[in-house]
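To start, the structure itself, in C-alpha cells.
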Amino acid sequence: MAHTFQTDDVRLAPIAAKVQAGERLTEEDALALYASPDVLAIGWMANFVREKRHGNKTFFNVNRHINPTNVCVAACRLCAFGRKKDSAGAYTMALEEAWQAAASGYTEAVTEFHIVGGLHPDLPFEYFLDLIAGLKQRFPQVHLKAFTMVEVAFLAKRAKLSIRQTLEKLKLAGVDSLPGGGAEIFADRVRSIICDHKIDGAEWLETARTAHQLGLRSNATMLYGHIENDEDRVDHLLKLRALQDETGGFQTFIPLAFHPDNTPLRHLSKTTGMLDIKNIAIGRLVLDNFSHIKAYWQMLTPKIAQIALRFGADDLDGTVIEEKIYHDAGATTPQGLRRSELERLIREAGREPLERDTMYHPVIRNETSFTVSV
Ligand code: V47
C-alpha cells in the first residue's frame, strides 16, 4: 500500500491500529466509523483489509437474473416490484416460459442463474421444485442461486413443511446456493415500517443457519438509505458476523442502496455517494469473517461501484442481463453489462479482473468453451 494512514478524526486512529493488527472491531468502533465524515481514512482501512485478503483481484461473474413472478402477498413499503394477483402489471411465468427466459440470449458463458420472486399466494411448492429441476436438466452446468430466506420461509409455510425439510427438497431439486436478499435491516422497529409482512430478523437468520447446516452457502444483504439509523446498521452487521462465526456459510456481503421511486417510501431521498461508499467500507471492516464484499453495480451505478473497488469491495456481481427489482423502483442503470464492460471498469480502477463462478472458483475461457477450476 503506497499511502500512509492519515486522519484528523481522533476517533479513527485507535480503530486504524486495530485494523492493522488484525483485531476485531467492536460495536463502538463501528458506530464511530459511521459517525465520521472522513471517508478517505475509513476507505484506507477498508482497502488495507481488502488488499490483504485479495490483493488486486476483483471478481465478477456471467449471470442472468430470472424473476418467475412479481405476484406477492406482502406489500412491503420498500418494494416497487411486487403486485397483487389481479392488479395491472402482475405476471407469473408458466414453467415453459421461465425455462425459455433462462434460454433467451443464453450462451455457454452463463455460469449462474439468480432466481428470486414474489410470495405468490397460490403457486404450489411443486411449481418451484419443477422450475428448479427443469432448469438443472436443461442447463446442468449452470449454478442455481435461488430463493431468499423470505421465500424459503413462505414456501415452507405454504407446503406445511419445516424450514429444514423445505431446504432439503429445494436442494434435492437442484438449488445450489441461496442469494442474500430479504435481510433488509433486522431491527424490528425498522422492519415493521419497511417490510412488516416479511419474516422477522431472527427468522431470516434462523433460515440462513439451517441452510448453512445443510451445506447450502448463501449471501447476505443489508438495505440502507431509508429510515434506519447507524445503530440499526451496526446491529445488522454484528448479527451477520455472529452467525458467520457459527456457520461460516456466508460467501459475500452486499450492501444494497435503497431506491425510493414508485414505492410507498417515494418521499425519501436517494442515497448519496458518501453513504454508499461508507456502507461498503464499514461492511468490509466489521465483517472480518466474510471473504467477499460486493459492490452491486446495478444498485450503486457502475461509477460508484468502480470507486468502491478501492474502498473495500472485491466483487462487482455480474452481467445480470435483465433486472426488474430496482428498475421498477426507478434505477436508471443499464439492464445488463457485457463481460468486457465489467472488465474495463475493474481495470480502470487499477485492479485485476477475475471471472468467477458462484462459489468463487476461477472460470477459464477460450474462444469456444470455458472450464471452472475447482
Ligand atoms: O431483498 C427491493 C432489495 C433485494 C428495493 O445474493 C430494493 O448475490 C432497493 O438481494 N430499492 C433483492 N432495494 C436483491 C438481492 C441481491 C441482489 C444482487 C445480488 C444478490 C446476491 C442479491 O433487493 C431485496 C431488497 O433488499 N430491494 N426493493 C428498492 N426499492
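Going by the C-alpha cells order, chains are called A, B, ..., each with residues numbered from 1, while ligands are numbered from 1 in the order shown.
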
* So which residues are near ligand 1, meaning at most 6 Å away with only C-alpha atoms and all ligand atoms counted, given back as an MDAnalysis selection string? -> chainID A and resid 78:80 179:182 184 219 221 223 256:260 325:326 329

Keeping all heavy atoms for every residue in the selection just given, could you write it to a file as a compact mmCIF listing (two decimals), in the first residue's frame?
# COMPACT_ATOMS: atom_id res chain seq x y z
N LEU A 78 -40.91 -0.93 1.04
CA LEU A 78 -39.63 -0.70 0.36
C LEU A 78 -39.66 -1.12 -1.11
O LEU A 78 -38.74 -0.84 -1.87
CB LEU A 78 -38.51 -1.48 1.06
CG LEU A 78 -38.55 -3.02 1.00
CD1 LEU A 78 -37.85 -3.57 -0.24
CD2 LEU A 78 -37.88 -3.60 2.23
N CYS A 79 -40.73 -1.79 -1.52
CA CYS A 79 -40.70 -2.52 -2.79
C CYS A 79 -41.57 -1.89 -3.87
O CYS A 79 -42.69 -1.46 -3.61
CB CYS A 79 -41.18 -3.95 -2.51
SG CYS A 79 -41.09 -5.02 -3.94
N ALA A 80 -41.03 -1.84 -5.09
CA ALA A 80 -41.81 -1.37 -6.24
C ALA A 80 -42.07 -2.53 -7.20
O ALA A 80 -42.67 -2.34 -8.26
CB ALA A 80 -41.04 -0.27 -6.96
N PRO A 179 -29.37 -16.69 -2.58
CA PRO A 179 -28.95 -15.29 -2.64
C PRO A 179 -29.17 -14.63 -1.27
O PRO A 179 -29.74 -15.22 -0.37
CB PRO A 179 -29.88 -14.70 -3.70
CG PRO A 179 -31.09 -15.56 -3.67
CD PRO A 179 -30.64 -16.94 -3.26
N GLY A 180 -28.73 -13.38 -1.17
CA GLY A 180 -28.72 -12.74 0.16
C GLY A 180 -29.89 -11.84 0.47
O GLY A 180 -29.88 -11.15 1.49
N GLY A 181 -30.90 -11.82 -0.40
CA GLY A 181 -31.98 -10.84 -0.26
C GLY A 181 -32.90 -11.07 0.92
O GLY A 181 -32.85 -12.11 1.59
N GLY A 182 -33.74 -10.07 1.16
CA GLY A 182 -34.77 -10.19 2.21
C GLY A 182 -34.27 -9.88 3.60
O GLY A 182 -35.05 -9.82 4.54
N GLU A 184 -32.83 -7.04 4.55
CA GLU A 184 -33.18 -5.62 4.77
C GLU A 184 -32.39 -5.07 5.96
O GLU A 184 -31.21 -4.99 5.92
CB GLU A 184 -34.70 -5.46 4.97
CG GLU A 184 -35.59 -6.35 4.08
CD GLU A 184 -35.29 -6.31 2.58
OE1 GLU A 184 -34.37 -5.62 2.16
OE2 GLU A 184 -35.97 -7.02 1.82
N ASN A 219 -25.55 -15.77 0.49
CA ASN A 219 -25.04 -14.41 0.64
C ASN A 219 -25.86 -13.70 1.71
O ASN A 219 -26.86 -14.25 2.19
CB ASN A 219 -25.14 -13.65 -0.69
CG ASN A 219 -24.16 -14.20 -1.70
OD1 ASN A 219 -23.14 -14.80 -1.32
ND2 ASN A 219 -24.45 -14.02 -2.97
N THR A 221 -27.41 -9.61 2.61
CA THR A 221 -27.53 -8.22 2.17
C THR A 221 -27.88 -7.33 3.36
O THR A 221 -28.26 -7.81 4.44
CB THR A 221 -28.65 -8.06 1.12
OG1 THR A 221 -29.86 -8.58 1.68
CG2 THR A 221 -28.31 -8.79 -0.16
N LEU A 223 -30.11 -3.59 3.43
CA LEU A 223 -30.72 -2.47 2.68
C LEU A 223 -30.58 -1.20 3.51
O LEU A 223 -31.08 -1.15 4.64
CB LEU A 223 -32.20 -2.78 2.43
CG LEU A 223 -32.93 -1.78 1.53
CD1 LEU A 223 -32.47 -1.94 0.08
CD2 LEU A 223 -34.44 -1.98 1.62
N LEU A 256 -27.08 -2.92 0.00
CA LEU A 256 -27.97 -2.53 -1.10
C LEU A 256 -28.51 -1.12 -0.85
O LEU A 256 -29.13 -0.86 0.19
CB LEU A 256 -29.15 -3.50 -1.21
CG LEU A 256 -28.82 -4.95 -1.58
CD1 LEU A 256 -30.06 -5.83 -1.45
CD2 LEU A 256 -28.26 -5.05 -3.00
N ALA A 257 -28.29 -0.24 -1.81
CA ALA A 257 -28.76 1.15 -1.69
C ALA A 257 -30.25 1.21 -1.99
O ALA A 257 -30.69 0.75 -3.04
CB ALA A 257 -27.99 2.02 -2.68
N PHE A 258 -31.02 1.80 -1.09
CA PHE A 258 -32.47 1.88 -1.30
C PHE A 258 -32.82 2.83 -2.45
O PHE A 258 -32.31 3.94 -2.54
CB PHE A 258 -33.16 2.35 -0.01
CG PHE A 258 -34.64 2.47 -0.16
CD1 PHE A 258 -35.39 1.37 -0.57
CD2 PHE A 258 -35.29 3.66 0.08
CE1 PHE A 258 -36.77 1.48 -0.75
CE2 PHE A 258 -36.66 3.77 -0.08
CZ PHE A 258 -37.39 2.68 -0.50
N HIS A 259 -33.71 2.35 -3.33
CA HIS A 259 -34.25 3.17 -4.43
C HIS A 259 -35.71 3.47 -4.13
O HIS A 259 -36.54 2.57 -4.19
CB HIS A 259 -34.17 2.41 -5.75
CG HIS A 259 -32.81 2.37 -6.35
ND1 HIS A 259 -32.48 3.02 -7.50
CD2 HIS A 259 -31.68 1.76 -5.94
CE1 HIS A 259 -31.20 2.82 -7.78
NE2 HIS A 259 -30.70 2.05 -6.84
N PRO A 260 -36.05 4.71 -3.81
CA PRO A 260 -37.41 5.00 -3.34
C PRO A 260 -38.49 5.15 -4.43
O PRO A 260 -39.68 5.02 -4.12
CB PRO A 260 -37.25 6.34 -2.60
CG PRO A 260 -36.01 6.96 -3.16
CD PRO A 260 -35.14 5.86 -3.67
N ILE A 325 -36.13 -5.67 -10.16
CA ILE A 325 -36.49 -5.16 -8.83
C ILE A 325 -36.13 -3.68 -8.66
O ILE A 325 -36.94 -2.88 -8.21
CB ILE A 325 -35.84 -6.02 -7.72
CG1 ILE A 325 -36.38 -7.47 -7.83
CG2 ILE A 325 -36.12 -5.45 -6.33
CD1 ILE A 325 -35.78 -8.46 -6.86
N TYR A 326 -34.93 -3.28 -9.08
CA TYR A 326 -34.53 -1.87 -8.91
C TYR A 326 -35.01 -1.02 -10.06
O TYR A 326 -35.20 0.18 -9.90
CB TYR A 326 -33.00 -1.73 -8.79
CG TYR A 326 -32.47 -2.85 -7.99
CD1 TYR A 326 -31.74 -3.86 -8.58
CD2 TYR A 326 -32.85 -2.96 -6.67
CE1 TYR A 326 -31.36 -4.94 -7.84
CE2 TYR A 326 -32.47 -4.06 -5.93
CZ TYR A 326 -31.74 -5.04 -6.53
OH TYR A 326 -31.37 -6.13 -5.82
N ALA A 329 -38.15 0.28 -9.32
CA ALA A 329 -38.01 1.31 -8.29
C ALA A 329 -37.20 2.51 -8.80
O ALA A 329 -36.64 3.27 -8.03
CB ALA A 329 -37.36 0.73 -7.04

* To do: From the DSSP assignment of the backbone, select every residue of segment 237-309 of chain A that is helix (DSSP H, G or I), and format the answer as a ChimeraX atom specification.
  => /A:237-247,273-286,297-300,302-308

* Residue contacts of segment 154-165 of chain A (10 Å, only C-alpha atoms) excluding same-chain residues fewer than 5 positions away, as JSON, numbers by chain -> {"A": [119, 120, 121, 122, 123, 124, 125, 126, 128, 147, 148, 149, 170, 171, 198, 199, 206, 207, 208, 209, 210, 211, 213, 214]}

* Structure fact -> Counting only C-alpha atoms, the residue among A:His65, A:Arg266, A:Lys278, A:Arg284 that lies closest to Leu237 of chain A is A:Arg284

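For the residues A:Val190, A:Leu12, A:Val142, A:Leu135, ranking by smallest atom-to-atom distance to Glu28 of chain A using only C-alpha atoms places A:Leu12 first.
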
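Atom CA of Gln20 of chain A sits 15.5 Å away from atom CA of Asn289 of chain A.
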
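Close contacts of Gly89 of chain A, defined as residues with an atom at most 9 Å away when counting only C-alpha atoms, with chain neighbours fewer than 3 positions off set aside, comprise Asn70, Arg83 and Asp86 of chain A.
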
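Compared by their closest atoms to His114 of chain A, and using only C-alpha atoms, the residues A:Ala133, A:Leu144, A:Ala202, A:Ile307 rank with A:Leu144 nearest.
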
* To do: Show which residues sit within 12 Å of Val19 of chain A, as a PyMOL selection string. Count only C-alpha atoms, and ignore same-chain residues fewer than 3 positions away.
  => chain A and resi 5+12-16+22-26+29-30+41-50+52+282+284-288

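One finds atom CA of Val110 of chain A at 13.0 Å from atom CA of Leu337 of chain A.
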
* Asked: When DSSP works through the backbone of this structure, what residues of segment 110-339 of chain A end up as strand (DSSP E), shown as a ChimeraX atom specification?
  -> /A:112-115,143-146,177-178,217-224,250-257,292-293,315-318

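For Thr111 of chain A, the set of protein, DNA and RNA residues having any atom at most 8 Å away, when counting only C-alpha atoms and skipping those fewer than 4 positions along the same chain, is Asn61, Val62, Asn63, Gln141, Val142, His143, Asp357 and Thr358 of chain A.
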
* Between A:Phe60, A:Gln137, A:Phe290, A:Asp245, which is the closest to Glu341 of chain A once you count only C-alpha atoms? -> A:Phe60

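Neighbouring residues of Asp235 of chain A at 8 Å or closer, counting only C-alpha atoms and skipping chain neighbours under 6 positions away, are Glu27, Phe186 and Ala187 of chain A.
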
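With only C-alpha atoms as the atoms that count, the minimum distance from Tyr296 of chain A to the choices A:Leu342, A:Ser36, A:Ala94, A:His267 is reached by A:Leu342.
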